[in-house]
$ cat entry_15.cif   # mmCIF, C-alpha atoms
data_entry
loop_
_atom_site.label_atom_id
_atom_site.label_comp_id
_atom_site.auth_asym_id
_atom_site.auth_seq_id
_atom_site.Cartn_x
_atom_site.Cartn_y
_atom_site.Cartn_z
CA MET A 897 -9.08 41.31 -45.65
CA LYS A 898 -9.85 38.06 -47.47
CA LEU A 899 -7.89 36.71 -50.41
CA TRP A 900 -11.00 36.80 -52.51
CA SER A 901 -11.92 40.29 -51.37
CA LYS A 902 -12.01 42.78 -54.20
CA GLY A 903 -12.34 45.77 -51.90
CA SER A 904 -16.06 45.60 -51.07
CA ALA A 905 -17.34 45.97 -47.51
CA ASN A 906 -16.06 43.59 -44.86
CA THR A 907 -17.97 40.37 -44.38
CA GLU A 908 -20.15 40.58 -41.34
CA LYS A 909 -18.39 39.05 -38.35
CA LYS A 910 -21.24 36.66 -37.60
CA ILE A 911 -21.38 35.31 -41.12
CA GLU A 912 -17.64 34.89 -41.08
CA THR A 913 -17.64 32.95 -37.82
CA PHE A 914 -20.41 30.74 -39.17
CA THR A 915 -18.80 30.01 -42.53
CA VAL A 916 -15.27 29.53 -41.23
CA GLY A 917 -16.51 26.96 -38.73
CA ARG A 918 -13.68 24.90 -37.22
CA ASP A 919 -11.40 25.33 -40.24
CA ARG A 920 -8.77 27.38 -38.47
CA GLU A 921 -8.20 24.82 -35.75
CA PHE A 922 -7.83 21.90 -38.18
CA ASP A 923 -5.93 23.99 -40.74
CA PHE A 924 -3.23 24.42 -38.15
CA LEU A 925 -2.43 20.73 -38.41
CA MET A 926 -1.89 21.15 -42.14
CA ALA A 927 0.42 24.17 -41.87
CA GLU A 928 3.58 22.22 -42.68
CA CYS A 929 1.94 20.46 -45.64
CA ASP A 930 0.64 23.78 -46.94
CA VAL A 931 4.12 25.28 -47.05
CA GLN A 932 5.57 22.16 -48.67
CA GLY A 933 2.87 22.34 -51.34
CA SER A 934 3.63 26.01 -51.94
CA ILE A 935 7.38 25.41 -52.21
CA ALA A 936 6.75 22.79 -54.90
CA HIS A 937 4.28 25.05 -56.72
CA VAL A 938 6.63 28.06 -56.66
CA THR A 939 9.60 25.96 -57.76
CA MET A 940 7.54 24.83 -60.75
CA LEU A 941 6.29 28.40 -61.48
CA GLY A 942 9.93 29.53 -61.57
CA GLU A 943 10.88 26.71 -63.92
CA VAL A 944 8.05 27.31 -66.41
CA GLY A 945 8.67 31.06 -66.37
CA MET A 946 5.47 32.11 -64.59
CA MET A 947 7.67 33.68 -61.92
CA SER A 948 11.15 35.09 -62.49
CA SER A 949 13.89 32.90 -61.13
CA ASP A 950 14.76 35.66 -58.62
CA ASP A 951 11.21 35.99 -57.32
CA ALA A 952 10.84 32.24 -57.09
CA GLN A 953 14.08 31.93 -55.15
CA ARG A 954 13.04 34.64 -52.71
CA ALA A 955 9.60 33.13 -52.24
CA ILE A 956 11.09 29.69 -51.62
CA ALA A 957 13.54 31.11 -49.08
CA GLY A 958 10.69 32.94 -47.35
CA LEU A 959 8.53 29.81 -47.32
CA ARG A 960 11.43 27.82 -45.85
CA THR A 961 11.67 30.37 -43.01
CA ILE A 962 7.94 29.90 -42.33
CA LEU A 963 8.37 26.12 -42.50
CA ALA A 964 11.15 26.31 -39.92
CA SER A 965 8.94 28.38 -37.60
CA ILE A 966 6.17 25.76 -37.90
CA GLN A 967 8.62 22.95 -37.15
CA LYS A 968 10.02 24.88 -34.17
CA GLY A 969 6.49 25.49 -32.89
CA THR A 970 6.80 29.29 -32.98
CA PHE A 971 4.29 29.75 -35.82
CA THR A 972 1.01 31.34 -34.73
CA MET A 973 -2.17 32.17 -36.58
CA ASP A 974 -3.49 35.71 -36.70
CA PRO A 975 -7.08 35.62 -35.40
CA GLU A 976 -8.04 37.79 -38.39
CA SER A 977 -6.82 35.22 -40.94
CA GLU A 978 -9.58 33.24 -42.57
CA ASP A 979 -7.46 30.12 -42.85
CA ILE A 980 -3.93 28.78 -42.85
CA HIS A 981 -3.50 29.47 -46.56
CA SER A 982 -4.25 33.20 -46.27
CA GLN A 983 -2.09 33.35 -43.17
CA ILE A 984 0.97 31.85 -44.87
CA GLU A 985 0.60 33.88 -48.07
CA GLY A 986 0.10 37.03 -46.00
CA MET A 987 3.17 36.34 -43.87
CA LEU A 988 5.26 35.69 -46.97
CA THR A 989 4.16 38.90 -48.68
CA GLU A 990 4.96 40.85 -45.54
CA GLN A 991 8.39 39.25 -45.52
CA ILE A 992 9.44 39.50 -49.17
CA GLY A 993 7.00 41.96 -50.78
CA ASP A 994 5.37 41.56 -54.18
CA ALA A 995 6.92 38.17 -54.99
CA GLY A 996 4.71 36.81 -52.21
CA LYS A 997 1.63 37.85 -54.16
CA MET A 998 2.68 35.71 -57.13
CA ILE A 999 2.81 32.34 -55.47
CA HIS A 1000 -0.87 31.63 -55.98
CA THR A 1001 -0.57 32.05 -59.77
CA GLY A 1002 -2.28 29.15 -61.55
CA ARG A 1003 -3.56 27.70 -58.30
CA SER A 1004 -6.91 27.67 -56.52
CA ARG A 1005 -7.46 27.20 -52.85
CA ASN A 1006 -9.26 24.04 -53.94
CA ASP A 1007 -6.20 22.27 -55.33
CA GLN A 1008 -4.02 23.89 -52.70
CA VAL A 1009 -6.10 22.34 -49.93
CA ALA A 1010 -6.53 19.07 -51.82
CA VAL A 1011 -2.76 18.64 -51.97
CA ASP A 1012 -2.37 19.67 -48.30
CA ILE A 1013 -4.86 17.00 -47.28
CA LYS A 1014 -3.10 14.38 -49.40
CA LEU A 1015 0.26 15.23 -47.85
CA TYR A 1016 -1.22 15.16 -44.36
CA LEU A 1017 -3.03 11.85 -44.87
CA ARG A 1018 0.05 10.34 -46.46
CA SER A 1019 2.20 11.10 -43.46
CA ALA A 1020 -0.54 10.16 -40.98
CA LEU A 1021 -0.99 6.78 -42.72
CA THR A 1022 2.75 6.19 -42.59
CA GLU A 1023 2.74 6.80 -38.83
CA ILE A 1024 -0.15 4.36 -38.36
CA LYS A 1025 1.70 1.82 -40.48
CA THR A 1026 4.74 2.07 -38.20
CA SER A 1027 2.62 1.60 -35.06
CA VAL A 1028 0.73 -1.34 -36.60
CA LEU A 1029 4.01 -3.02 -37.55
CA SER A 1030 5.37 -2.64 -34.07
CA LEU A 1031 2.21 -4.07 -32.51
CA PHE A 1032 2.37 -6.90 -35.04
CA ASP A 1033 5.93 -7.76 -34.02
CA LEU A 1034 4.91 -7.80 -30.37
CA LEU A 1035 1.93 -10.07 -31.06
CA ILE A 1036 4.15 -12.51 -32.95
CA GLU A 1037 6.74 -12.40 -30.19
CA LYS A 1038 4.17 -13.13 -27.48
CA SER A 1039 2.48 -15.77 -29.63
CA ASN A 1040 5.80 -17.60 -30.04
CA GLN A 1041 6.67 -17.16 -26.38
CA HIS A 1042 3.40 -18.72 -25.18
CA ARG A 1043 2.85 -21.14 -28.04
CA SER A 1044 2.55 -24.15 -25.73
CA VAL A 1045 0.22 -22.55 -23.17
CA LEU A 1046 -3.22 -24.06 -23.73
CA ILE A 1047 -6.48 -22.22 -23.07
CA PRO A 1048 -10.04 -23.13 -23.98
CA GLY A 1049 -11.44 -22.20 -27.35
CA TYR A 1050 -15.12 -21.18 -27.44
CA THR A 1051 -18.08 -21.25 -29.78
CA HIS A 1052 -21.24 -19.45 -28.69
CA LEU A 1053 -19.13 -18.57 -25.63
CA GLN A 1054 -19.32 -22.21 -24.52
CA ILE A 1055 -16.13 -24.27 -24.23
CA ALA A 1056 -15.34 -25.95 -27.53
CA MET A 1057 -11.84 -27.18 -28.29
CA PRO A 1058 -8.32 -26.61 -27.01
CA SER A 1059 -6.75 -23.36 -28.12
CA SER A 1060 -3.52 -21.71 -27.03
CA ILE A 1061 -2.21 -18.29 -26.15
CA GLY A 1062 0.00 -18.70 -29.21
CA LEU A 1063 -2.97 -19.35 -31.51
CA TRP A 1064 -5.02 -16.57 -29.91
CA LEU A 1065 -2.40 -13.83 -30.25
CA GLY A 1066 -1.28 -15.04 -33.68
CA ALA A 1067 -4.86 -14.54 -34.86
CA TYR A 1068 -4.62 -10.83 -34.12
CA ALA A 1069 -1.24 -10.60 -35.81
CA GLU A 1070 -2.81 -12.06 -38.95
CA SER A 1071 -5.78 -9.73 -38.64
CA LEU A 1072 -3.34 -6.83 -38.73
CA VAL A 1073 -1.95 -8.22 -42.00
CA ASP A 1074 -5.34 -7.72 -43.65
CA ASP A 1075 -5.67 -4.30 -42.02
CA MET A 1076 -2.26 -3.48 -43.48
CA GLU A 1077 -3.53 -4.49 -46.94
CA LEU A 1078 -6.27 -1.88 -46.60
CA LEU A 1079 -3.88 0.74 -45.23
CA ALA A 1080 -1.47 0.08 -48.10
CA SER A 1081 -4.20 0.26 -50.76
CA THR A 1082 -5.42 3.48 -49.21
CA TYR A 1083 -1.89 4.86 -49.16
CA ARG A 1084 -1.46 4.09 -52.85
CA ILE A 1085 -4.65 5.96 -53.69
CA ILE A 1086 -3.75 8.87 -51.41
CA ASN A 1087 -0.26 9.11 -52.90
CA LYS A 1088 -1.39 10.92 -56.07
CA ASN A 1089 -1.04 14.61 -56.73
CA PRO A 1090 -4.13 16.83 -57.23
CA LEU A 1091 -2.09 20.07 -57.41
CA GLY A 1092 -2.55 21.89 -60.69
CA SER A 1093 -6.22 20.94 -61.03
CA GLY A 1094 -7.10 24.49 -59.92
CA ALA A 1095 -10.68 24.97 -58.89
CA GLY A 1096 -11.43 21.69 -60.66
CA TYR A 1097 -11.09 22.75 -64.28
CA GLY A 1098 -7.35 23.37 -64.71
CA SER A 1099 -5.65 26.58 -65.79
CA SER A 1100 -4.61 28.32 -69.01
CA PHE A 1101 -1.10 28.69 -67.60
CA PRO A 1102 1.47 26.12 -68.77
CA LEU A 1103 1.73 24.41 -65.39
CA ASN A 1104 4.05 21.42 -65.13
CA ARG A 1105 2.03 19.07 -62.97
CA LYS A 1106 4.46 16.19 -63.37
CA ARG A 1107 7.17 18.37 -61.88
CA THR A 1108 5.17 19.19 -58.72
CA THR A 1109 4.29 15.50 -58.48
CA GLU A 1110 7.98 14.68 -58.50
CA LEU A 1111 8.89 17.49 -56.09
CA LEU A 1112 6.31 16.37 -53.55
CA GLY A 1113 7.31 12.72 -53.86
CA PHE A 1114 3.92 11.56 -55.10
CA ASP A 1115 3.81 8.28 -56.95
CA ASP A 1116 1.71 9.76 -59.76
CA LEU A 1117 -0.83 12.53 -60.33
CA HIS A 1118 -4.58 12.56 -60.47
CA TYR A 1119 -4.66 13.47 -64.18
CA ASN A 1120 -8.23 14.59 -64.71
CA SER A 1121 -8.80 17.96 -63.01
CA ILE A 1122 -12.40 17.17 -62.09
CA TYR A 1123 -11.39 13.81 -60.63
CA ALA A 1124 -8.48 15.42 -58.77
CA GLN A 1125 -11.09 17.47 -56.92
CA MET A 1126 -13.32 14.47 -56.40
CA SER A 1127 -10.40 12.81 -54.61
CA ARG A 1128 -11.31 15.12 -51.75
CA GLY A 1129 -13.83 13.30 -49.66
CA LYS A 1130 -12.95 10.02 -51.35
CA SER A 1131 -9.46 10.05 -49.84
CA GLU A 1132 -10.79 10.80 -46.37
CA LYS A 1133 -13.44 8.10 -46.69
CA LEU A 1134 -10.91 5.47 -47.70
CA CYS A 1135 -8.69 6.46 -44.78
CA SER A 1136 -11.60 6.14 -42.39
CA LEU A 1137 -12.33 2.69 -43.73
CA ALA A 1138 -8.73 1.55 -43.28
CA LEU A 1139 -8.53 3.06 -39.80
CA ALA A 1140 -11.83 1.45 -38.85
CA SER A 1141 -10.44 -1.91 -39.91
CA VAL A 1142 -7.43 -1.56 -37.57
CA ALA A 1143 -9.74 -0.25 -34.84
CA ALA A 1144 -12.00 -3.30 -35.18
CA THR A 1145 -9.01 -5.60 -34.67
CA LEU A 1146 -7.98 -3.67 -31.56
CA SER A 1147 -11.54 -3.65 -30.29
CA LYS A 1148 -11.95 -7.42 -30.53
CA LEU A 1149 -8.56 -8.02 -28.92
CA SER A 1150 -9.47 -5.61 -26.12
CA MET A 1151 -12.73 -7.42 -25.52
CA ASP A 1152 -10.89 -10.75 -25.38
CA CYS A 1153 -8.49 -9.27 -22.84
CA CYS A 1154 -11.39 -8.05 -20.68
CA LEU A 1155 -12.94 -11.50 -20.79
CA TYR A 1156 -9.74 -13.51 -20.29
CA MET A 1157 -8.61 -11.41 -17.31
CA ASN A 1158 -12.08 -11.72 -15.76
CA GLN A 1159 -11.89 -13.62 -12.43
CA ASN A 1160 -14.07 -16.45 -13.79
CA PHE A 1161 -11.62 -17.01 -16.61
CA GLY A 1162 -8.24 -15.95 -15.22
CA PHE A 1163 -6.22 -16.80 -18.33
CA ILE A 1164 -4.20 -13.60 -18.32
CA ARG A 1165 -3.26 -10.76 -15.99
CA PHE A 1166 -1.90 -7.26 -16.32
CA PRO A 1167 0.21 -5.46 -13.74
CA ASP A 1168 -1.62 -3.16 -11.31
CA GLU A 1169 -0.35 0.02 -12.93
CA LEU A 1170 -2.37 -0.79 -16.06
CA THR A 1171 -5.65 -1.17 -14.20
CA THR A 1172 -7.87 1.31 -12.40
CA GLY A 1173 -9.82 0.98 -9.17
CA SER A 1174 -13.39 1.62 -8.12
CA SER A 1175 -14.71 4.40 -5.92
CA ILE A 1176 -16.78 1.96 -3.84
CA MET A 1177 -15.38 -1.56 -4.33
CA PRO A 1178 -11.91 -1.85 -2.81
CA HIS A 1179 -10.92 -5.02 -4.66
CA LYS A 1180 -11.42 -3.61 -8.14
CA LYS A 1181 -8.79 -3.75 -10.87
CA ASN A 1182 -10.58 -2.67 -13.97
CA PRO A 1183 -9.14 -3.04 -17.46
CA LYS A 1184 -9.74 0.60 -18.32
CA MET A 1185 -7.30 0.62 -21.19
CA SER A 1186 -9.18 -2.15 -22.92
CA LEU A 1187 -12.57 -0.69 -22.22
CA ASN A 1188 -11.99 2.76 -23.69
CA MET B 476 -20.50 13.46 -49.77
CA ASN B 477 -21.77 10.61 -51.94
CA ASN B 478 -24.80 12.37 -53.34
CA LEU B 479 -23.03 15.59 -54.27
CA PRO B 480 -22.44 16.21 -57.96
CA SER B 481 -18.86 16.74 -59.17
CA GLY B 482 -17.18 20.08 -58.58
CA TYR B 483 -16.15 21.75 -55.35
CA HIS B 484 -18.57 21.97 -52.40
CA ARG B 485 -18.19 23.56 -49.00
CA ASP B 486 -19.02 20.13 -47.52
CA MET B 487 -15.54 19.01 -48.52
CA GLN B 488 -14.14 21.25 -45.82
CA LEU B 489 -15.95 19.26 -43.14
CA THR B 490 -14.22 15.92 -43.59
CA LYS B 491 -10.99 16.84 -41.86
CA GLU B 492 -12.86 17.40 -38.62
CA MET B 493 -13.76 13.73 -38.68
CA VAL B 494 -10.64 12.14 -40.11
CA PHE B 495 -7.78 14.06 -38.51
CA PRO B 496 -8.80 13.27 -34.92
CA ALA B 497 -9.44 9.65 -35.94
CA PHE B 498 -5.76 9.28 -36.85
CA GLN B 499 -4.72 10.66 -33.48
CA GLU B 500 -7.15 8.43 -31.61
CA LEU B 501 -6.16 5.28 -33.41
CA GLY B 502 -2.49 6.14 -32.87
CA ALA B 503 -3.18 6.39 -29.14
CA CYS B 504 -5.13 3.10 -29.13
CA LEU B 505 -2.26 1.32 -30.86
CA GLU B 506 0.19 2.73 -28.35
CA MET B 507 -1.95 1.61 -25.40
CA MET B 508 -2.37 -1.89 -26.81
CA GLN B 509 1.39 -2.08 -27.26
CA LEU B 510 1.85 -1.08 -23.63
CA MET B 511 -0.71 -3.62 -22.40
CA LEU B 512 0.65 -6.56 -24.34
CA THR B 513 4.21 -5.79 -23.33
CA SER B 514 3.30 -6.55 -19.74
CA LEU B 515 0.90 -9.42 -20.46
CA GLN B 516 1.10 -12.18 -17.84
CA VAL B 517 -0.16 -15.61 -18.74
CA ASN B 518 -1.65 -18.37 -16.57
CA GLU B 519 0.03 -21.53 -17.77
CA ALA B 520 -2.21 -23.94 -15.86
CA VAL B 521 -5.67 -22.97 -17.09
CA LEU B 522 -6.58 -26.38 -18.49
CA GLN B 523 -5.73 -28.24 -15.31
CA ASP B 524 -9.18 -27.24 -14.09
CA PRO B 525 -11.49 -30.27 -14.69
CA ARG B 526 -14.27 -27.99 -15.92
CA TYR B 527 -12.39 -27.87 -19.22
CA ALA B 528 -12.28 -31.65 -19.73
CA TYR B 529 -14.88 -31.65 -22.50
CA LEU B 530 -12.60 -29.45 -24.60
CA PHE B 531 -10.95 -32.73 -25.46
CA SER B 532 -14.04 -34.55 -26.72
CA VAL B 533 -12.99 -34.08 -30.33
CA GLU B 534 -9.49 -35.32 -29.48
CA LYS B 535 -11.08 -38.47 -28.10
CA VAL B 536 -13.21 -38.95 -31.21
CA ASN B 537 -10.15 -38.48 -33.42
CA GLU B 538 -8.20 -40.95 -31.33
CA LEU B 539 -10.88 -43.61 -32.00
CA VAL B 540 -10.88 -42.71 -35.70
CA ASN B 541 -7.11 -43.28 -35.73
CA GLN B 542 -7.83 -46.73 -34.28
CA GLY B 543 -10.08 -47.48 -37.25
CA VAL B 544 -13.53 -46.58 -35.89
CA PRO B 545 -15.59 -44.70 -38.51
CA PHE B 546 -15.99 -41.04 -37.51
CA ARG B 547 -19.78 -41.10 -37.01
CA ASP B 548 -19.59 -44.18 -34.79
CA ALA B 549 -16.73 -42.66 -32.78
CA TYR B 550 -18.75 -39.47 -32.37
CA VAL B 551 -21.73 -41.38 -30.95
CA GLN B 552 -19.47 -43.49 -28.72
CA VAL B 553 -17.81 -40.42 -27.15
CA GLY B 554 -21.19 -38.70 -26.91
CA LYS B 555 -22.50 -41.61 -24.86
CA MET B 556 -19.42 -41.56 -22.62
CA ILE B 557 -20.09 -37.90 -21.89
CA GLU B 558 -23.80 -38.48 -21.24
CA SER B 559 -23.08 -41.31 -18.80
CA GLY B 560 -20.28 -39.42 -17.00
CA GLN B 561 -17.61 -41.89 -18.19
CA PHE B 562 -15.63 -39.36 -20.22
CA SER B 563 -12.16 -38.67 -18.90
CA VAL B 564 -9.03 -37.11 -20.28
CA ASP B 565 -5.43 -38.11 -19.80
CA ALA B 566 -3.97 -34.66 -19.13
CA SER B 567 -0.40 -35.87 -19.54
CA LYS B 568 -1.04 -36.86 -23.14
CA GLU B 569 0.45 -34.43 -25.63
CA LEU B 570 -1.85 -32.90 -28.21
CA ILE B 571 -0.66 -33.42 -31.75
CA HIS B 572 -2.04 -30.84 -34.12
CA THR B 573 0.05 -30.53 -37.24
CA HIS B 574 -1.88 -28.77 -39.99
CA GLU B 575 -1.29 -25.16 -40.94
CA GLY B 576 -2.78 -22.69 -38.50
CA SER B 577 -3.44 -25.22 -35.74
CA ILE B 578 -2.15 -25.01 -32.18
CA GLY B 579 0.79 -27.23 -33.09
CA ASN B 580 1.69 -25.34 -36.26
CA LEU B 581 0.96 -21.63 -35.89
CA CYS B 582 2.65 -20.60 -39.17
CA ASN B 583 3.79 -17.36 -37.56
CA GLU B 584 6.67 -17.17 -40.02
CA GLU B 585 4.25 -17.32 -42.94
CA ILE B 586 2.16 -14.60 -41.28
CA CYS B 587 5.30 -12.45 -40.94
CA THR B 588 6.05 -12.91 -44.64
CA ALA B 589 2.50 -11.84 -45.51
CA MET B 590 2.88 -8.75 -43.34
CA GLN B 591 6.16 -7.77 -45.01
CA LYS B 592 4.50 -8.12 -48.38
CA ALA B 593 1.48 -5.99 -47.36
CA ALA B 594 3.61 -3.28 -45.74
CA GLY B 595 5.89 -3.28 -48.78
CA ARG B 596 3.01 -2.01 -50.90
CA PHE B 597 3.25 1.33 -49.15
CA ASN B 598 5.64 2.73 -51.76
#
$ encode --input "entry_15.cif" --output "structure tokens"
Amino acid sequence: MKLWSKGSANTEKKIETFTVGRDREFDFLMAECDVQGSIAHVTMLGEVGMMSSDDAQRAIAGLRTILASIQKGTFTMDPESEDIHSQIEGMLTEQIGDAGKMIHTGRSRNDQVAVDIKLYLRSALTEIKTSVLSLFDLLIEKSNQHRSVLIPGYTHLQIAMPSSIGLWLGAYAESLVDDMELLASTYRIINKNPLGSGAGYGSSFPLNRKRTTELLGFDDLHYNSIYAQMSRGKSEKLCSLALASVAATLSKLSMDCCLYMNQNFGFIRFPDELTTGSSIMPHKKNPKMSLN
Amino acid sequence: MNNLPSGYHRDMQLTKEMVFPAFQELGACLEMMQLMLTSLQVNEAVLQDPRYAYLFSVEKVNELVNQGVPFRDAYVQVGKMIESGQFSVDASKELIHTHEGSIGNLCNEEICTAMQKAAGRFN
């Protein structure tokens, strides 16, 4: 039974499989965000009187139980569920009865998913930020450590002027600074709340969008309901751009490593456990990690 | 996505298939790079190889300039030394590069400050 089903005949299985696509598998990653979004929405519904305080409390408690099961890794998706959102709402209704059927009041799956994606991207960007910072620190450390080790600098791949390991690695540290600028700008755009924009045209219910913004820790909200929906796609694109920028830095550094560890250059080496061999050439120590 | 009019479209459901795995992949790449650089070993004697002597041609030109030879004349003079096989480098001589971002003045502290500032914009 689908959320939007009004009792008509079941959707043909083939059509369903086709239209659902890979949603279920990727929805699973958003499970935690979906519950967090719902807790904020229900809290707000309780406060503005769209749900009784009792019902809201019970729904929140039920959602917290589901959240705990996701965090513990015991949460599973029913193969009959169309997506994570139907699954969670269905589980809640089974658990607490009719109050579970109220949580979607004044909400569309459109703004529900939009906020899930924002929450997911926000936390994913934060993780990338942490990893970038730690790589940055390492680059600076190694740059300082080998600041007096000279190597050739090249133009057109021909020897040009003296360079150093310190200058070379520091370059990539500084490249990560600019990548961080893009990540940070992306984060600031991602960190706005689309919840409450409904299907893209708002709701006649007196929703308190500023309250859900505050509850979910967003910096601000996407005010215009149409724009809030447009943020879908735009957010993902900006993330891709920022990720691609970091990836380009890593790619260039990897290529340098491949070149500099090449036997004709021999500027750097990596321990054997970081290299892979060849099936035919017994001497091989290939920089597989850099090549991938 | 760009050419769609405003309002919800099913296409919007397709983006996560591209972006979510990209985060995981980049996370793994960053981790691998971290692992590689941690065990980086450096050859400290690369420039002792005479094949790299010409790296110092500009140093030689600048040395002449410091002695009062106009740059263009110094350039030609060193160029001729190279052509005739007379160019040599005193490897024991220390390189003095002082400006910002040169081998003698990496400005890593300034780069760290810039990174702190950029990362600070995350809130």
$ residues_around --input "entry_15.cif" --residues "segment 1028-1035 of chain A" --least-positions-apart "3" --cutoff "9 Å" --atoms "all atoms listed in the file" --output "list in words"
Glu1023, Ile1024, Lys1025, Lys1038, Ser1039, Asn1040, Leu1065, Gly1066, Ala1067, Tyr1068, Ala1069, Glu1070, Leu1072, Val1073, Asp1075, Met1076 and Val1142 of chain A; Gly502, Leu505, Glu506, Met508, Gln509, Leu512, Thr513, Cys587, Met590 and Ala594 of chain B
$ closest_residue --input "entry_15.cif" --among "A:Gln953, A:Ser1060, A:Thr1108, A:Thr1171" --to "chain B" --atoms "only C-alpha atoms"
A:Ser1060
$ closest_residue --input "entry_15.cif" --among "B:His574, B:Arg547, B:Lys555, B:Lys592" --to "chain A" --atoms "only C-alpha atoms"
B:Lys592
$ interface_residues --input "entry_15.cif" --of "chain A" --to "chain B" --cutoff "6 Å" --atoms "all atoms listed in the file" --output "list in words"
Leu1031, Val1045, Ala1056, Met1057, Pro1058, Leu1063, Val1073, Met1076, Glu1077, Ala1080, Phe1163, Ile1164, Arg1165 and Phe1166 of chain A
$ closest_atom_pairs --input "entry_15.cif" --of "segment 951-1059 of chain A" --to "segment 1086-1102 of chain A" --cutoff "8 Å" --atoms "only C-alpha atoms" --output "Markdown table"
| residue | atom | partner | partner_atom | distance |
| --- | --- | --- | --- | --- |
| A:Gly1002 | CA | A:Ser1099 | CA | 6.0 |
| A:Arg1003 | CA | A:Gly1094 | CA | 5.0 |
| A:Ser1004 | CA | A:Gly1094 | CA | 4.7 |
| A:Arg1005 | CA | A:Ala1095 | CA | 7.2 |
| A:Asn1006 | CA | A:Ala1095 | CA | 5.2 |
| A:Asp1007 | CA | A:Leu1091 | CA | 5.1 |
| A:Gln1008 | CA | A:Leu1091 | CA | 6.4 |
| A:Ala1010 | CA | A:Pro1090 | CA | 6.3 |
| A:Val1011 | CA | A:Leu1091 | CA | 5.7 |
| A:Lys1014 | CA | A:Ile1086 | CA | 5.9 |
| A:Leu1015 | CA | A:Asn1087 | CA | 8.0 |
| A:Leu1017 | CA | A:Ile1086 | CA | 7.2 |
| A:Arg1018 | CA | A:Ile1086 | CA | 6.4 |
